[in-house]
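These notes are about the structure you will find just below.
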Amino acid sequence: MSPRTSERSLLAGEQVQCETERRKNPSVRSDHPFAAKIRCGQCGGWYGRKTWHSTSKYSRRIWRCNNKYEGNKTGCTTPHVLETQIEGAFAAALTERLGKLSGAGDVLELLEATTFNTDKLHVELAALDEQAEGLIARMNTLIAQGAHAAIDPDQYDADYADLERKYQKADAKRIKTAEAIKNRETRRHQAHQVCDYLQTQPPLAYTPEAWNTLVDEAVVSADGAIEVRFKDEPHA
């Protein structure tokens with residue numbers, strides 16, 4: 001297995017974990033490909049799958065904002081959409097995207113060097129790790145001194161509190177930096193995943209596999225338009 005293949009395999013695992021976390025919300029939990037992927041453009045909530053006339057021959061599946069009839073009053077004004085409409089929007093967005101695929105490799109190289117580059121963040125993380133370890137060592141030294149020598153308890157408390165504040169501040173920065181690295185690595189993997197899929201097996205229409213591989217989310221606007229956003233596109 002090449003280093004790049006190994007790296008993508010590890011990042012794919014992270015992506016699955018992110019998707020799992022995303023689907024933990026009980027209001028959108030489902031095995032359907034559209035679950036937790038169709039967002040209301042008005043309130044930002046998720047669309048849920050509903051069945052109309054379930055006991056009659058006119059039964060059909062629709063997707064509607066879960067907040068539309070929240071409580072005792074009408075919420076969002078975004079309309080319901082049919083699954084065929086979502087599939088059609090995906091096919092149209094995909095057709096447009098395939099027309100822009102030429103030069104995708106050059107775009108990925110640029111993104112690798114800029115938007116997805118983590119070199120500076122890794123340097124920052126290493127410095128924060130060292131700072132946090134140094135503060136922990138100083139706290140341990142202070143504890144040892146307090147246990148074996150007579151020192152002013154007020155001064156001890158003040159010194160320890162100061163070190164603890166500095167450690168918490170450094171640790172918060174460390175966590176934030178680590179999260180930024182993971183986010184960029186995940187987005188880099190998604191960009192490669194989209195590009196590789198389109199280049200090797202471009203679908204001509206909706207399929208669940210293509211949807212799950214390519215789509216980050218679809219947004220329904222108040223006029224019923226459905227905007228499909230691919231995973232490698234810039235995040236708001």
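A note on labels: chains of the structure tokens are A, B, ... as shown, every chain counts residues from 1, and ligands are counted from 1 in their shown order.
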
Checklist line | Shell of 6 Å around stretch 36-49 of chain A, only C-alpha atoms, local chain residues under 6 positions omitted, as a ChimeraX atom specification | finding: /A:28,62-66,217-221

Note to self: Which of stretch 180-227 of chain A end up as helix (DSSP H, G or I) when DSSP is run on this backbone - answer as a PyMOL selection string?
What the structure shows: chain A and resi 180-200+208-214

Notebook entry, point to check: If you run DSSP on this backbone, which residues of stretch 165-230 of chain A come out as strand (DSSP E or B), and could you give them as a list of chain:residue names?
Noted result: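 Of stretch 165-230 of chain A, the ones in strand (DSSP E or B) are A:Val215, A:Asp216, A:Glu217, A:Ala218, A:Val219, A:Val220, A:Ile226, A:Glu227, A:Val228, A:Arg229, A:Phe230.
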
Any chance you could export the current selection's N, CA and C atoms as a PDB file, in the first residue's frame?
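As written to disk, out-v4.pdb reads:
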ATOM      1  N   VAL A 215     -21.808  14.040  -2.261  1.00  0.00           N
ATOM      2  CA  VAL A 215     -22.617  15.151  -1.739  1.00  0.00           C
ATOM      3  C   VAL A 215     -22.353  15.424  -0.261  1.00  0.00           C
ATOM      4  N   ASP A 216     -22.112  16.697   0.034  1.00  0.00           N
ATOM      5  CA  ASP A 216     -22.016  17.149   1.423  1.00  0.00           C
ATOM      6  C   ASP A 216     -23.416  17.409   1.954  1.00  0.00           C
ATOM      7  N   GLU A 217     -24.192  18.192   1.212  1.00  0.00           N
ATOM      8  CA  GLU A 217     -25.587  18.445   1.563  1.00  0.00           C
ATOM      9  C   GLU A 217     -26.293  19.098   0.385  1.00  0.00           C
ATOM     10  N   ALA A 218     -27.624  19.080   0.437  1.00  0.00           N
ATOM     11  CA  ALA A 218     -28.442  19.799  -0.543  1.00  0.00           C
ATOM     12  C   ALA A 218     -29.312  20.774   0.236  1.00  0.00           C
ATOM     13  N   VAL A 219     -29.478  21.968  -0.278  1.00  0.00           N
ATOM     14  CA  VAL A 219     -30.223  23.017   0.425  1.00  0.00           C
ATOM     15  C   VAL A 219     -31.454  23.396  -0.388  1.00  0.00           C
ATOM     16  N   VAL A 220     -32.609  23.366   0.272  1.00  0.00           N
ATOM     17  CA  VAL A 220     -33.868  23.723  -0.375  1.00  0.00           C
ATOM     18  C   VAL A 220     -34.211  25.163  -0.016  1.00  0.00           C
ATOM     19  N   ILE A 226     -33.366  23.506  -5.413  1.00  0.00           N
ATOM     20  CA  ILE A 226     -32.510  22.609  -4.635  1.00  0.00           C
ATOM     21  C   ILE A 226     -31.072  22.795  -5.087  1.00  0.00           C
ATOM     22  N   GLU A 227     -30.226  23.281  -4.184  1.00  0.00           N
ATOM     23  CA  GLU A 227     -28.802  23.475  -4.486  1.00  0.00           C
ATOM     24  C   GLU A 227     -28.016  22.302  -3.906  1.00  0.00           C
ATOM     25  N   VAL A 228     -27.347  21.568  -4.762  1.00  0.00           N
ATOM     26  CA  VAL A 228     -26.537  20.425  -4.328  1.00  0.00           C
ATOM     27  C   VAL A 228     -25.098  20.895  -4.137  1.00  0.00           C
ATOM     28  N   ARG A 229     -24.561  20.655  -2.949  1.00  0.00           N
ATOM     29  CA  ARG A 229     -23.194  21.067  -2.620  1.00  0.00           C
ATOM     30  C   ARG A 229     -22.302  19.833  -2.489  1.00  0.00           C
ATOM     31  N   PHE A 230     -21.233  19.801  -3.290  1.00  0.00           N
ATOM     32  CA  PHE A 230     -20.340  18.666  -3.266  1.00  0.00           C
ATOM     33  C   PHE A 230     -19.324  18.795  -2.126  1.00  0.00           C
TER      34      PHE A 230
END
